[in-house]
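Undergrad: The structure that follows is given in the form of structure tokens.
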Amino acid sequence: MVDISAKTVSQRVATAGATIKMAPETLRMILDGEMPKGDVLAVSRIAGIQAAKRASELIPLCHPLSLTNVAIDFESHVDGELHVRASASVNGQTGVEMEALTAASVAALTVYDMCKAVQKDIAITDIRLLSKSGGKSGSWQAE
């Protein structure tokens, strides 16, 4: 692990995203609460939050952090795309990019798991960091 003991404690925030591509009818079923496994967005939100809290257990050299906030939001599009947006924050000595990326990834995987009985060819794409702030390198925003 990288030694962060000399780094200054600061407010650090990161936001990551993922896109889930599916048939418009599958997305309609999610939004209307018609999936056999239950409320897809609620379960996926909780899964993403849990994943952010456990990022250091999944990623070998990731520091364990005391997160101050994790939020998962979804945005649906009529073409069958569901966008996941995961944000994580901490007052700490290292960033929360991995926590946000892990949250977005696991939330998207949970959507797939809860919908695979209805549609097998759902695609998860564009998992990426959208923004980060805090720390020595300051703020960054994806184009």
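Order determines the names: the first chain of the structure tokens is A, the second B, and so forth; residues in each chain are numbered 1 upward, and ligands are numbered 1 upward as they are shown.
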Tell me, as a VMD selection string, which residues lie within 9 Å of His63 in chain A, counting only C-alpha atoms; anything in the same chain fewer than 4 positions away does not count.

TA: chain A and resid 1 to 2 55 to 56 59 94

Undergrad: With N, CA, C and O atoms retained, export the selected residues as a PDB file, in the first residue's frame.

TA:
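Dumped to part-v5.pdb:
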```pdb
ATOM      1  N   MET A   1       0.843  -1.180   0.000  1.00  0.00           N
ATOM      2  CA  MET A   1       0.000   0.000   0.000  1.00  0.00           C
ATOM      3  C   MET A   1       0.887   1.242   0.000  1.00  0.00           C
ATOM      4  O   MET A   1       1.964   1.237   0.578  1.00  0.00           O
ATOM      5  N   VAL A   2       0.400   2.296  -0.586  1.00  0.00           N
ATOM      6  CA  VAL A   2       1.114   3.563  -0.600  1.00  0.00           C
ATOM      7  C   VAL A   2       1.011   4.197   0.789  1.00  0.00           C
ATOM      8  O   VAL A   2      -0.053   4.191   1.411  1.00  0.00           O
ATOM      9  N   ALA A  55     -14.814  -1.663  -0.498  1.00  0.00           N
ATOM     10  CA  ALA A  55     -13.863  -1.582  -1.617  1.00  0.00           C
ATOM     11  C   ALA A  55     -12.475  -2.087  -1.228  1.00  0.00           C
ATOM     12  O   ALA A  55     -11.820  -2.784  -2.003  1.00  0.00           O
ATOM     13  N   SER A  56     -12.020  -1.757  -0.030  1.00  0.00           N
ATOM     14  CA  SER A  56     -10.674  -2.174   0.376  1.00  0.00           C
ATOM     15  C   SER A  56     -10.555  -3.688   0.563  1.00  0.00           C
ATOM     16  O   SER A  56      -9.462  -4.227   0.510  1.00  0.00           O
ATOM     17  N   ILE A  59     -10.276  -4.774  -3.477  1.00  0.00           N
ATOM     18  CA  ILE A  59      -9.160  -4.259  -4.264  1.00  0.00           C
ATOM     19  C   ILE A  59      -7.914  -4.328  -3.378  1.00  0.00           C
ATOM     20  O   ILE A  59      -7.837  -3.626  -2.359  1.00  0.00           O
ATOM     21  N   THR A  94      -6.679  10.140   1.633  1.00  0.00           N
ATOM     22  CA  THR A  94      -6.615   9.571   0.288  1.00  0.00           C
ATOM     23  C   THR A  94      -7.997   9.641  -0.349  1.00  0.00           C
ATOM     24  O   THR A  94      -9.005   9.760   0.357  1.00  0.00           O
TER      25      THR A  94
END
```

Undergrad: Any chance you could list, as a count of residues only, the residues in range 1-138 of chain A that come up helix (DSSP H, G or I) when DSSP is run on the backbone?

TA: 45

Undergrad: Just checking: using only C-alpha atoms, which residue out of A:Gln141, A:Ser133, A:Ser76, A:Ser105 ends up closest to Pro24 in chain A?

TA: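 Going through A:Gln141, A:Ser133, A:Ser76, A:Ser105 one by one, the smallest distance to Pro24 in chain A is for A:Ser76.
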
Undergrad: Between CA of Ile49 in chain A and CA of Glu34 in chain A, what is the spacing in Å?

TA: 23.4 Å

Undergrad: Rank A:Gly48, A:Pro64, A:Pro36, A:Gly134 by their smallest atom-to-atom distance to Ser89 in chain A, using only C-alpha atoms, and report the top residue only.

TA: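 Closest to Ser89 in chain A of all the choices is A:Gly134.
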
Undergrad: Which is closest to Val106 in chain A among A:His77, A:His83, A:Lys136, A:Arg45, if we use only C-alpha atoms?

TA: A:Arg45
